[in-house]
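structure.csv (CSV, C-alpha atoms and all ligand atoms)
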chain,number,residue,atom,x,y,z
A,1,MET,CA,17.5,-6.3,-87.5
A,2,GLU,CA,19.4,-9.3,-86.2
A,3,LYS,CA,22.9,-10.1,-87.4
A,4,ILE,CA,24.0,-13.6,-86.6
A,5,LEU,CA,27.5,-15.0,-86.1
A,6,VAL,CA,27.9,-18.8,-86.1
A,7,ILE,CA,31.2,-19.9,-84.6
A,8,GLY,CA,32.3,-23.5,-85.5
A,9,ALA,CA,29.8,-23.5,-88.3
A,10,ALA,CA,31.3,-26.3,-90.3
A,11,GLY,CA,30.8,-28.9,-87.5
A,12,GLN,CA,28.1,-31.5,-87.4
A,13,LEU,CA,25.5,-29.2,-85.8
A,14,GLY,CA,26.6,-26.0,-87.4
A,15,SER,CA,26.5,-27.3,-91.0
A,16,GLU,CA,22.7,-27.7,-90.7
A,17,LEU,CA,21.9,-25.0,-88.2
A,18,THR,CA,23.5,-22.3,-90.2
A,19,LYS,CA,21.3,-23.1,-93.2
A,20,SER,CA,18.2,-22.9,-90.9
A,21,LEU,CA,19.3,-19.6,-89.5
A,22,ALA,CA,19.9,-18.2,-93.1
A,23,ASP,CA,16.3,-19.4,-93.9
A,24,GLN,CA,14.9,-17.7,-90.8
A,25,TYR,CA,16.8,-14.4,-90.9
A,26,GLY,CA,17.9,-14.0,-94.5
A,27,ALA,CA,21.2,-15.2,-95.9
A,28,GLU,CA,22.8,-11.7,-95.7
A,29,GLN,CA,22.1,-11.6,-92.0
A,30,VAL,CA,24.2,-14.7,-91.2
A,31,ILE,CA,28.0,-15.0,-91.1
A,32,ALA,CA,29.4,-18.5,-90.8
A,33,THR,CA,32.9,-18.9,-89.4
A,34,ASP,CA,35.2,-21.8,-89.0
A,35,LEU,CA,38.8,-22.6,-88.3
A,36,ASN,CA,39.5,-24.0,-91.7
A,37,GLU,CA,39.4,-22.3,-95.1
A,38,SER,CA,38.4,-25.6,-96.6
A,39,ALA,CA,35.0,-25.2,-94.9
A,40,ARG,CA,34.1,-22.3,-97.2
A,41,SER,CA,32.7,-24.6,-99.9
A,42,LYS,CA,29.9,-25.6,-97.5
A,43,PHE,CA,28.6,-22.1,-97.2
A,44,ASP,CA,27.7,-21.0,-100.7
A,45,PHE,CA,24.3,-19.7,-99.3
A,46,CYS,CA,25.8,-17.1,-96.8
A,47,ARG,CA,29.0,-15.2,-96.0
A,48,PHE,CA,31.9,-17.2,-94.7
A,49,GLU,CA,34.9,-16.0,-92.7
A,50,VAL,CA,37.9,-18.0,-91.4
A,51,LEU,CA,38.0,-17.5,-87.6
A,52,ASN,CA,40.0,-19.1,-84.8
A,53,VAL,CA,37.7,-18.7,-81.7
A,54,MET,CA,40.9,-18.5,-79.6
A,55,ASP,CA,41.8,-15.3,-81.5
A,56,LYS,CA,40.1,-13.0,-79.0
A,57,ASP,CA,40.9,-9.8,-81.0
A,58,GLY,CA,39.8,-11.3,-84.3
A,59,LEU,CA,36.5,-12.4,-82.7
A,60,ARG,CA,36.0,-9.0,-81.1
A,61,ASN,CA,36.6,-7.1,-84.4
A,62,LEU,CA,34.1,-9.3,-86.2
A,63,VAL,CA,31.4,-8.7,-83.6
A,64,LYS,CA,32.1,-5.0,-83.5
A,65,ASN,CA,32.6,-4.3,-87.2
A,66,GLU,CA,29.6,-6.4,-88.4
A,67,ASN,CA,27.2,-5.1,-85.6
A,68,ILE,CA,26.6,-8.7,-84.6
A,69,THR,CA,23.4,-9.1,-82.4
A,70,GLN,CA,23.4,-12.9,-81.8
A,71,ILE,CA,26.2,-15.5,-81.5
A,72,TYR,CA,25.8,-19.2,-81.8
A,73,HIS,CA,29.0,-20.6,-80.3
A,74,LEU,CA,29.3,-24.2,-81.5
A,75,ALA,CA,33.1,-24.7,-81.6
A,76,ALA,CA,34.2,-27.4,-79.1
A,77,VAL,CA,36.5,-30.4,-78.6
A,78,LEU,CA,34.2,-33.4,-78.0
A,79,SER,CA,34.5,-36.2,-75.5
A,80,ALA,CA,36.8,-38.8,-77.2
A,81,VAL,CA,39.3,-36.3,-78.6
A,82,GLY,CA,39.2,-34.4,-75.3
A,83,GLU,CA,40.5,-37.5,-73.4
A,84,LYS,CA,43.5,-37.6,-75.8
A,85,LYS,CA,44.2,-33.8,-75.4
A,86,PRO,CA,42.8,-32.8,-72.0
A,87,LEU,CA,44.5,-29.5,-71.5
A,88,PHE,CA,43.9,-28.4,-75.1
A,89,ALA,CA,40.2,-29.4,-74.7
A,90,TRP,CA,39.8,-27.5,-71.4
A,91,GLU,CA,41.5,-24.4,-72.8
A,92,LEU,CA,39.5,-24.3,-76.1
A,93,ASN,CA,36.2,-25.1,-74.6
A,94,MET,CA,36.4,-22.7,-71.6
A,95,ASP,CA,38.4,-19.8,-73.0
A,96,SER,CA,36.2,-19.5,-76.1
A,97,LEU,CA,33.0,-19.5,-74.1
A,98,ILE,CA,34.4,-16.8,-71.8
A,99,HIS,CA,35.4,-14.7,-74.9
A,100,VAL,CA,31.9,-15.0,-76.2
A,101,LEU,CA,30.2,-14.2,-72.9
A,102,GLU,CA,32.4,-11.2,-72.4
A,103,LEU,CA,31.6,-9.9,-75.9
A,104,ALA,CA,27.9,-10.4,-75.2
A,105,LYS,CA,28.3,-8.3,-72.1
A,106,GLU,CA,30.4,-5.6,-73.8
A,107,PHE,CA,28.3,-5.2,-76.9
A,108,LYS,CA,25.0,-6.0,-75.2
A,109,LEU,CA,24.1,-8.7,-77.7
A,110,ASN,CA,20.5,-9.7,-77.9
A,111,LYS,CA,21.1,-13.4,-77.4
A,112,VAL,CA,23.9,-16.1,-77.2
A,113,TYR,CA,23.5,-19.8,-77.9
A,114,TRP,CA,25.9,-22.3,-76.4
A,115,PRO,CA,25.4,-26.1,-76.5
A,116,SER,CA,25.9,-28.2,-73.5
A,117,SER,CA,25.7,-32.0,-73.4
A,118,ILE,CA,24.7,-35.2,-71.6
A,119,ALA,CA,28.4,-35.3,-70.8
A,120,VAL,CA,27.8,-33.0,-67.8
A,121,PHE,CA,26.5,-36.1,-66.0
A,122,GLY,CA,28.8,-38.7,-64.4
A,123,PRO,CA,29.0,-42.1,-62.8
A,124,ASN,CA,27.1,-40.9,-59.7
A,125,THR,CA,24.2,-39.4,-61.6
A,126,PRO,CA,20.9,-41.4,-61.7
A,127,LYS,CA,21.2,-43.3,-65.0
A,128,ILE,CA,17.5,-43.8,-65.9
A,129,ASN,CA,15.4,-40.7,-66.7
A,130,THR,CA,18.2,-38.5,-65.4
A,131,PRO,CA,16.6,-35.4,-63.9
A,132,GLN,CA,17.3,-31.8,-64.7
A,133,TYR,CA,18.8,-31.2,-61.3
A,134,CYS,CA,20.9,-34.0,-59.8
A,135,VAL,CA,24.5,-35.0,-58.9
A,136,LYS,CA,26.7,-34.5,-61.9
A,137,GLU,CA,30.5,-35.1,-61.2
A,138,PRO,CA,31.5,-35.7,-64.9
A,139,ASN,CA,34.7,-37.6,-65.3
A,140,THR,CA,35.7,-36.5,-68.9
A,141,VAL,CA,37.4,-33.2,-69.6
A,142,TYR,CA,34.7,-32.5,-72.2
A,143,GLY,CA,32.0,-33.1,-69.5
A,144,ILE,CA,33.9,-31.0,-66.9
A,145,SER,CA,34.2,-28.1,-69.4
A,146,LYS,CA,30.5,-28.3,-70.2
A,147,GLN,CA,29.5,-28.4,-66.6
A,148,ALA,CA,31.7,-25.4,-65.8
A,149,GLY,CA,30.4,-23.7,-69.0
A,150,GLU,CA,26.9,-24.1,-67.7
A,151,ARG,CA,27.8,-22.4,-64.5
A,152,TRP,CA,29.4,-19.5,-66.4
A,153,CYS,CA,26.3,-19.1,-68.6
A,154,GLU,CA,24.0,-18.8,-65.6
A,155,TYR,CA,26.5,-16.5,-63.9
A,156,TYR,CA,26.6,-14.1,-66.9
A,157,PHE,CA,22.8,-14.2,-67.1
A,158,GLN,CA,22.3,-13.4,-63.4
A,159,LYS,CA,25.1,-10.9,-63.0
A,160,PHE,CA,25.3,-9.2,-66.4
A,161,ASN,CA,21.9,-9.8,-67.9
A,162,VAL,CA,23.4,-11.7,-70.8
A,163,ASP,CA,20.5,-13.6,-72.5
A,164,VAL,CA,22.3,-16.9,-73.0
A,165,ARG,CA,20.4,-20.1,-73.8
A,166,SER,CA,21.6,-23.7,-73.8
A,167,LEU,CA,20.6,-27.3,-74.4
A,168,ARG,CA,22.2,-30.5,-73.1
A,169,TYR,CA,22.2,-32.4,-76.4
A,170,PRO,CA,22.2,-36.1,-76.4
A,171,GLY,CA,24.3,-37.9,-79.1
A,172,LEU,CA,23.4,-36.1,-82.4
A,173,ILE,CA,22.8,-38.2,-85.5
A,174,GLY,CA,22.8,-36.6,-89.0
A,175,TYR,CA,23.8,-37.6,-92.4
A,176,LYS,CA,24.8,-34.3,-93.9
A,177,SER,CA,28.2,-34.1,-92.3
A,178,LEU,CA,30.6,-36.5,-90.7
A,179,PRO,CA,31.0,-36.1,-86.9
A,180,GLY,CA,34.4,-35.8,-85.2
A,181,GLY,CA,35.7,-36.8,-81.9
A,182,GLY,CA,32.6,-37.9,-80.0
A,183,THR,CA,31.6,-41.1,-78.1
A,184,THR,CA,28.1,-41.2,-79.7
A,185,ASP,CA,29.5,-40.9,-83.2
A,186,TYR,CA,29.3,-44.7,-83.8
A,187,ALA,CA,25.6,-44.1,-84.4
A,188,VAL,CA,26.4,-42.0,-87.4
A,189,ASP,CA,29.3,-44.2,-88.8
A,190,ILE,CA,27.1,-47.3,-88.6
A,191,TYR,CA,24.8,-46.0,-91.4
A,192,HIS,CA,27.8,-45.1,-93.7
A,193,LYS,CA,29.2,-48.7,-93.3
A,194,ALA,CA,25.8,-50.3,-93.8
A,195,LEU,CA,25.2,-48.4,-97.1
A,196,ALA,CA,28.8,-49.1,-98.2
A,197,GLY,CA,28.1,-52.8,-97.8
A,198,GLU,CA,30.9,-53.1,-95.2
A,199,LYS,CA,31.0,-54.7,-91.8
A,200,PHE,CA,30.8,-52.3,-88.9
A,201,ASP,CA,33.4,-52.4,-86.1
A,202,CYS,CA,31.6,-50.9,-83.1
A,203,PHE,CA,33.8,-49.3,-80.4
A,204,LEU,CA,31.0,-49.7,-77.7
A,205,ARG,CA,29.5,-52.9,-76.2
A,206,GLU,CA,26.3,-54.1,-77.7
A,207,ASP,CA,24.2,-53.3,-74.6
A,208,THR,CA,25.3,-49.7,-74.1
A,209,SER,CA,22.2,-47.5,-73.9
A,210,LEU,CA,22.7,-43.8,-74.6
A,211,PRO,CA,20.3,-40.9,-75.2
A,212,MET,CA,20.3,-39.9,-78.9
A,213,MET,CA,18.6,-37.4,-81.2
A,214,TYR,CA,18.1,-37.0,-85.0
A,215,MET,CA,19.5,-33.8,-86.3
A,216,PRO,CA,16.2,-32.3,-87.5
A,217,ASP,CA,14.9,-32.5,-83.9
A,218,ALA,CA,18.2,-30.9,-82.6
A,219,ILE,CA,17.8,-28.0,-85.1
A,220,LYS,CA,14.1,-27.6,-84.1
A,221,ALA,CA,14.9,-27.6,-80.4
A,222,THR,CA,17.7,-25.0,-80.9
A,223,LEU,CA,15.5,-22.7,-83.0
A,224,ASP,CA,12.6,-23.2,-80.5
A,225,ILE,CA,14.6,-22.2,-77.5
A,226,MET,CA,16.2,-19.2,-79.3
A,227,ASN,CA,12.9,-18.0,-80.6
A,228,ALA,CA,11.1,-18.4,-77.2
A,229,PRO,CA,10.2,-15.2,-75.3
A,230,ARG,CA,12.9,-14.4,-72.8
A,231,GLU,CA,10.7,-14.8,-69.8
A,232,ILE,CA,9.7,-18.4,-70.5
A,233,VAL,CA,13.3,-19.6,-70.7
A,234,LYS,CA,13.6,-20.2,-67.0
A,235,ILE,CA,16.7,-22.4,-66.9
A,236,ARG,CA,19.9,-20.4,-67.7
A,237,SER,CA,22.4,-23.2,-67.1
A,238,SER,CA,21.2,-25.7,-69.7
A,239,TYR,CA,18.0,-27.7,-70.4
A,240,ASN,CA,17.9,-31.5,-70.4
A,241,LEU,CA,16.7,-32.5,-73.9
A,242,ALA,CA,15.6,-36.0,-75.1
A,243,ALA,CA,14.2,-37.9,-78.0
A,244,MET,CA,15.2,-41.6,-78.0
A,245,ASN,CA,17.6,-44.0,-76.3
A,246,PHE,CA,19.1,-47.1,-77.9
A,247,THR,CA,22.0,-49.6,-77.7
A,248,PRO,CA,24.3,-50.5,-80.6
A,249,GLU,CA,22.5,-53.8,-80.9
A,250,GLU,CA,19.1,-52.0,-81.2
A,251,ILE,CA,20.3,-49.7,-84.0
A,252,TYR,CA,22.0,-52.6,-85.7
A,253,GLN,CA,18.7,-54.6,-85.6
A,254,CYS,CA,16.8,-51.7,-87.0
A,255,ILE,CA,19.2,-51.3,-89.9
A,256,LEU,CA,19.0,-55.1,-90.5
A,257,THR,CA,15.3,-54.7,-91.3
A,258,HIS,CA,16.4,-52.6,-94.4
A,259,ILE,CA,19.8,-54.2,-95.2
A,260,PRO,CA,19.5,-57.8,-94.1
A,261,ASP,CA,23.1,-58.9,-94.9
A,262,PHE,CA,24.7,-56.1,-92.8
A,263,LYS,CA,27.3,-57.4,-90.2
A,264,ILE,CA,28.5,-55.9,-87.0
A,265,GLU,CA,31.4,-56.8,-84.6
A,266,TYR,CA,31.8,-55.4,-81.1
A,267,ASN,CA,35.3,-54.3,-80.0
A,268,PRO,CA,34.9,-51.8,-77.1
A,269,ASP,CA,37.8,-49.4,-76.6
A,270,PHE,CA,38.5,-46.4,-74.2
A,271,ARG,CA,35.2,-44.8,-75.3
A,272,GLN,CA,33.3,-47.6,-73.5
A,273,ALA,CA,34.2,-46.0,-70.1
A,274,ILE,CA,33.0,-42.6,-71.3
A,275,ALA,CA,29.7,-44.1,-72.4
A,276,ASP,CA,29.3,-46.0,-69.2
A,277,SER,CA,29.6,-42.7,-67.2
A,278,TRP,CA,26.7,-41.2,-69.1
A,279,PRO,CA,22.9,-41.6,-68.6
A,280,ASP,CA,20.9,-44.3,-70.3
A,281,SER,CA,17.9,-41.9,-70.7
A,282,ILE,CA,17.0,-38.3,-69.9
A,283,ASP,CA,14.0,-36.6,-68.3
A,284,ASP,CA,13.4,-33.4,-70.2
A,285,THR,CA,10.1,-32.4,-68.6
A,286,CYS,CA,11.4,-28.8,-68.0
A,287,ALA,CA,12.0,-28.2,-71.7
A,288,ARG,CA,8.6,-29.7,-72.6
A,289,GLU,CA,6.8,-27.6,-70.0
A,290,ASP,CA,8.7,-24.3,-70.2
A,291,TRP,CA,9.0,-23.8,-74.0
A,292,GLY,CA,7.0,-26.6,-75.5
A,293,TRP,CA,9.7,-29.0,-76.6
A,294,LYS,CA,8.4,-32.0,-78.6
A,295,HIS,CA,10.5,-34.4,-80.6
A,296,ASP,CA,9.4,-36.0,-83.9
A,297,TYR,CA,11.9,-38.8,-84.6
A,298,ASP,CA,12.3,-42.3,-83.0
A,299,LEU,CA,14.9,-44.9,-84.0
A,300,ALA,CA,12.7,-46.5,-86.8
A,301,ARG,CA,11.7,-43.2,-88.4
A,302,MET,CA,15.2,-41.8,-88.2
A,303,THR,CA,16.7,-45.0,-89.7
A,304,LYS,CA,14.3,-45.0,-92.7
A,305,ASP,CA,15.0,-41.3,-93.3
A,306,ILE,CA,18.8,-41.7,-93.2
A,307,LEU,CA,18.9,-44.8,-95.4
A,308,GLU,CA,16.7,-43.1,-98.0
A,309,ASN,CA,18.6,-39.8,-98.1
A,310,LEU,CA,22.3,-40.6,-97.3
A,311,PRO,CA,23.0,-42.3,-100.7
A,312,ASN,CA,22.0,-39.1,-102.5
A,313,PHE,CA,24.0,-36.7,-100.3
A,314,LYS,CA,27.2,-35.2,-101.6
A,315,PHE,CA,29.9,-34.3,-99.0
B,401,LIG,C1,30.1,-36.8,-77.7
B,401,LIG,O1,29.9,-38.0,-77.9
B,401,LIG,O2,31.2,-36.3,-77.2
B,401,LIG,C2,29.1,-35.8,-78.0
B,401,LIG,C3,28.2,-35.5,-76.9
B,401,LIG,C4,27.3,-36.5,-76.3
B,401,LIG,O3,28.1,-34.3,-76.4
B,401,LIG,N1,28.3,-36.3,-79.1

I'd like the structure from this file rewritten - as structure tokens, please.
Ligand code: AKB
Amino acid sequence: MEKILVIGAAGQLGSELTKSLADQYGAEQVIATDLNESARSKFDFCRFEVLNVMDKDGLRNLVKNENITQIYHLAAVLSAVGEKKPLFAWELNMDSLIHVLELAKEFKLNKVYWPSSIAVFGPNTPKINTPQYCVKEPNTVYGISKQAGERWCEYYFQKFNVDVRSLRYPGLIGYKSLPGGGTTDYAVDIYHKALAGEKFDCFLREDTSLPMMYMPDAIKATLDIMNAPREIVKIRSSYNLAAMNFTPEEIYQCILTHIPDFKIEYNPDFRQAIADSWPDSIDDTCAREDWGWKHDYDLARMTKDILENLPNFKF
């Protein structure tokens, strides 16, 4: 029987993924962990433990004592915060991954999931329909850590037979938790401001196109790749993954069709340079062909869903 450990469970992805894992494997088979005790209230449906992923011994004890068979390692410092605290971001993102891969090797875990990002791409990457294999050269610490992490994942798979699987997420948009520290987060905040009847101050230029994905699609992709038979997961660094691309002006116009008096102002800050170094759109043919990836949500469908559901959601 599988026993699942989710690290960084209270984050934007983890909050929703942990529930799906509890639904799939049974609540008693899932342990959610996070740095902060205050996250406990989010996990009334499964066990919760406070865990600092940098606490190598604490992590090892949990894996050993609980007979963990799969780890979802979601803890990371994202792009915008990473630029403010580069050495901290590098240390946390890299050391924690190595701890997890080492434990997977030592305890012969069945599977490991680790998210990568479109941040692995950089200014010399082809911007339109960015291919799976191309020049990367990321210029953010977050991107550098994700690129190095991808190489480590492939290395542990090749050398030590660790079954690690990974996706290069685009900007993830969900309404069930607030994001923190990313460049694509504007596309979450904008819905909160629109529903609060406030003007939105956008930190990116109106014409900045970025790859994005609605959270239900991200959860589906994660479960699909983790449930896929080992032999069809051919890429062991990380798969390109795509759903939609839009600019701040396009998401604004889409919200306007529901909330006609919503106002926006553009005041680009340091995050513009980060966004400018990332692709406009992603070619995810490998994910579609290898394990049957298919997205459900475009901008219009996502916007309708968020505007209908966000007002009823309690944080
Ligand atoms: C960020 O903006 O840093 C993240 C990402 C694209 O990985 N959402």

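With the cut-off set to 6 Å and all atoms listed in the file counted, the residues surrounding ligand LIG 401 (chain B) are Leu78, Ser79, Ser117, Ile118, Ala119, Pro170, Gly171, Leu172, Gly182, Thr183 and Thr184 of chain A.
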
As a check of understanding: the span from CA of Asp207 (chain A) to CA of Gly143 (chain A) is 22.2 Å

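Considering only C-alpha atoms, the residue among A:Ile7, A:Asp290, A:Tyr191, A:Ile144 positioned nearest to Asp55 (chain A) is A:Ile7.
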
What separates CA of Glu49 (chain A) and CA of Glu16 (chain A) is a distance of 17.0 Å

Spatial neighbours of Met244 (chain A), max dist 8 Å, all atoms listed in the file, sep filter under 3 positions, as a list in words: Pro211, Met212, Met213, Ser281, Tyr297, Asp298 and Leu299 of chain A

Identify, on the basis of all atoms listed in the file, every residue whose closest approach to region 62-74 of chain A does not exceed 7 Å; exclude the query and any residue fewer than 2 positions from it along the same chain; express the result as a ChimeraX atom specification. /A:2-9,14,58-60,76,109-115

Coordinates-based distance that separates CA of Asp185 (chain A) from CA of Phe200 (chain A) (Å, one decimal): 12.8 Å

With all atoms listed in the file counted and 10 Å as the cut-off, give the residues of region 9-55 of chain A in contact with region 87-107 of chain A, each with its shortest interatomic distance in Å and the pair that gives it, as a Markdown table.
| residue | atom | partner | partner_atom | distance |
| --- | --- | --- | --- | --- |
| A:Asn52 | CA | A:Ser96 | CA | 9.5 |
| A:Val53 | CA | A:Ser96 | CA | 5.9 |
| A:Met54 | CA | A:Ser96 | CA | 5.9 |
| A:Asp55 | CA | A:Ser96 | CA | 8.8 |

Measuring atom to atom with all atoms listed in the file, identify which of A:Val81, A:Ile306, A:Leu210, A:Ala10 is nearest to Val50 (chain A). A:Ala10

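With distances taken over all atoms listed in the file, A:His192 is the one residue among A:Arg205, A:Lys56, A:Lys84, A:His192 lying closest to Asn309 (chain A).
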
Can you rebuild region 214-224 of chain A with all heavy atoms and give it as an mmCIF file, in the coordinates of the input?
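The resulting file, result09.cif, is reproduced below:
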data_model
loop_
_atom_site.group_PDB
_atom_site.id
_atom_site.type_symbol
_atom_site.label_atom_id
_atom_site.label_comp_id
_atom_site.auth_asym_id
_atom_site.auth_seq_id
_atom_site.Cartn_x
_atom_site.Cartn_y
_atom_site.Cartn_z
ATOM 1 N N TYR A 214 17.914 -37.260 -83.519
ATOM 2 C CA TYR A 214 18.100 -37.000 -85.000
ATOM 3 C C TYR A 214 18.282 -35.535 -85.197
ATOM 4 O O TYR A 214 17.608 -34.723 -84.562
ATOM 5 C CB TYR A 214 16.937 -37.599 -85.726
ATOM 6 C CG TYR A 214 17.140 -37.691 -87.227
ATOM 7 C CD1 TYR A 214 18.393 -37.916 -87.779
ATOM 8 C CD2 TYR A 214 16.059 -37.573 -88.095
ATOM 9 C CE1 TYR A 214 18.565 -38.014 -89.151
ATOM 10 C CE2 TYR A 214 16.212 -37.672 -89.471
ATOM 11 C CZ TYR A 214 17.481 -37.894 -89.997
ATOM 12 O OH TYR A 214 17.651 -37.988 -91.362
ATOM 13 N N MET A 215 19.159 -35.182 -86.136
ATOM 14 C CA MET A 215 19.500 -33.800 -86.300
ATOM 15 C C MET A 215 18.321 -32.835 -86.574
ATOM 16 O O MET A 215 18.299 -31.734 -86.002
ATOM 17 C CB MET A 215 20.526 -33.669 -87.494
ATOM 18 C CG MET A 215 21.220 -32.353 -87.568
ATOM 19 S SD MET A 215 22.118 -31.919 -86.065
ATOM 20 C CE MET A 215 23.645 -32.802 -86.302
ATOM 21 N N PRO A 216 17.312 -33.226 -87.373
ATOM 22 C CA PRO A 216 16.200 -32.300 -87.500
ATOM 23 C C PRO A 216 15.528 -31.923 -86.200
ATOM 24 O O PRO A 216 15.090 -30.782 -86.017
ATOM 25 C CB PRO A 216 15.207 -33.049 -88.439
ATOM 26 C CG PRO A 216 16.065 -34.022 -89.176
ATOM 27 C CD PRO A 216 17.171 -34.416 -88.233
ATOM 28 N N ASP A 217 15.480 -32.870 -85.264
ATOM 29 C CA ASP A 217 14.900 -32.500 -83.900
ATOM 30 C C ASP A 217 15.882 -31.592 -83.193
ATOM 31 O O ASP A 217 15.422 -30.671 -82.501
ATOM 32 C CB ASP A 217 14.747 -33.819 -83.098
ATOM 33 C CG ASP A 217 13.387 -34.473 -83.347
ATOM 34 O OD1 ASP A 217 12.450 -33.766 -83.782
ATOM 35 O OD2 ASP A 217 13.258 -35.687 -83.087
ATOM 36 N N ALA A 218 17.185 -31.805 -83.307
ATOM 37 C CA ALA A 218 18.200 -30.900 -82.600
ATOM 38 C C ALA A 218 18.068 -29.501 -83.152
ATOM 39 O O ALA A 218 18.129 -28.530 -82.392
ATOM 40 C CB ALA A 218 19.568 -31.473 -82.778
ATOM 41 N N ILE A 219 17.895 -29.371 -84.472
ATOM 42 C CA ILE A 219 17.800 -28.000 -85.100
ATOM 43 C C ILE A 219 16.480 -27.378 -84.591
ATOM 44 O O ILE A 219 16.465 -26.207 -84.199
ATOM 45 C CB ILE A 219 17.745 -28.129 -86.642
ATOM 46 C CG1 ILE A 219 18.992 -28.842 -87.170
ATOM 47 C CG2 ILE A 219 17.561 -26.748 -87.271
ATOM 48 C CD1 ILE A 219 20.279 -28.139 -86.965
ATOM 49 N N LYS A 220 15.408 -28.174 -84.586
ATOM 50 C CA LYS A 220 14.100 -27.600 -84.100
ATOM 51 C C LYS A 220 14.214 -27.143 -82.689
ATOM 52 O O LYS A 220 13.783 -26.032 -82.361
ATOM 53 C CB LYS A 220 13.017 -28.695 -84.265
ATOM 54 C CG LYS A 220 11.641 -28.172 -83.870
ATOM 55 C CD LYS A 220 10.531 -29.152 -84.201
ATOM 56 C CE LYS A 220 10.465 -30.257 -83.175
ATOM 57 N NZ LYS A 220 9.141 -30.849 -83.018
ATOM 58 N N ALA A 221 14.823 -27.956 -81.818
ATOM 59 C CA ALA A 221 14.900 -27.600 -80.400
ATOM 60 C C ALA A 221 15.753 -26.297 -80.255
ATOM 61 O O ALA A 221 15.400 -25.403 -79.479
ATOM 62 C CB ALA A 221 15.601 -28.718 -79.615
ATOM 63 N N THR A 222 16.837 -26.192 -81.030
ATOM 64 C CA THR A 222 17.700 -25.000 -80.900
ATOM 65 C C THR A 222 16.975 -23.754 -81.363
ATOM 66 O O THR A 222 17.022 -22.718 -80.689
ATOM 67 C CB THR A 222 18.968 -25.230 -81.810
ATOM 68 O OG1 THR A 222 19.523 -26.510 -81.491
ATOM 69 C CG2 THR A 222 20.000 -24.143 -81.566
ATOM 70 N N LEU A 223 16.272 -23.843 -82.488
ATOM 71 C CA LEU A 223 15.500 -22.700 -83.000
ATOM 72 C C LEU A 223 14.387 -22.351 -82.000
ATOM 73 O O LEU A 223 14.109 -21.183 -81.705
ATOM 74 C CB LEU A 223 14.999 -22.899 -84.379
ATOM 75 C CG LEU A 223 16.081 -23.091 -85.452
ATOM 76 C CD1 LEU A 223 15.450 -23.375 -86.809
ATOM 77 C CD2 LEU A 223 16.993 -21.870 -85.554
ATOM 78 N N ASP A 224 13.732 -23.392 -81.477
ATOM 79 C CA ASP A 224 12.600 -23.200 -80.500
ATOM 80 C C ASP A 224 13.071 -22.409 -79.300
ATOM 81 O O ASP A 224 12.448 -21.437 -78.900
ATOM 82 C CB ASP A 224 11.967 -24.483 -80.100
ATOM 83 C CG ASP A 224 11.047 -25.068 -81.161
ATOM 84 O OD1 ASP A 224 10.867 -24.420 -82.219
ATOM 85 O OD2 ASP A 224 10.524 -26.177 -80.938
#
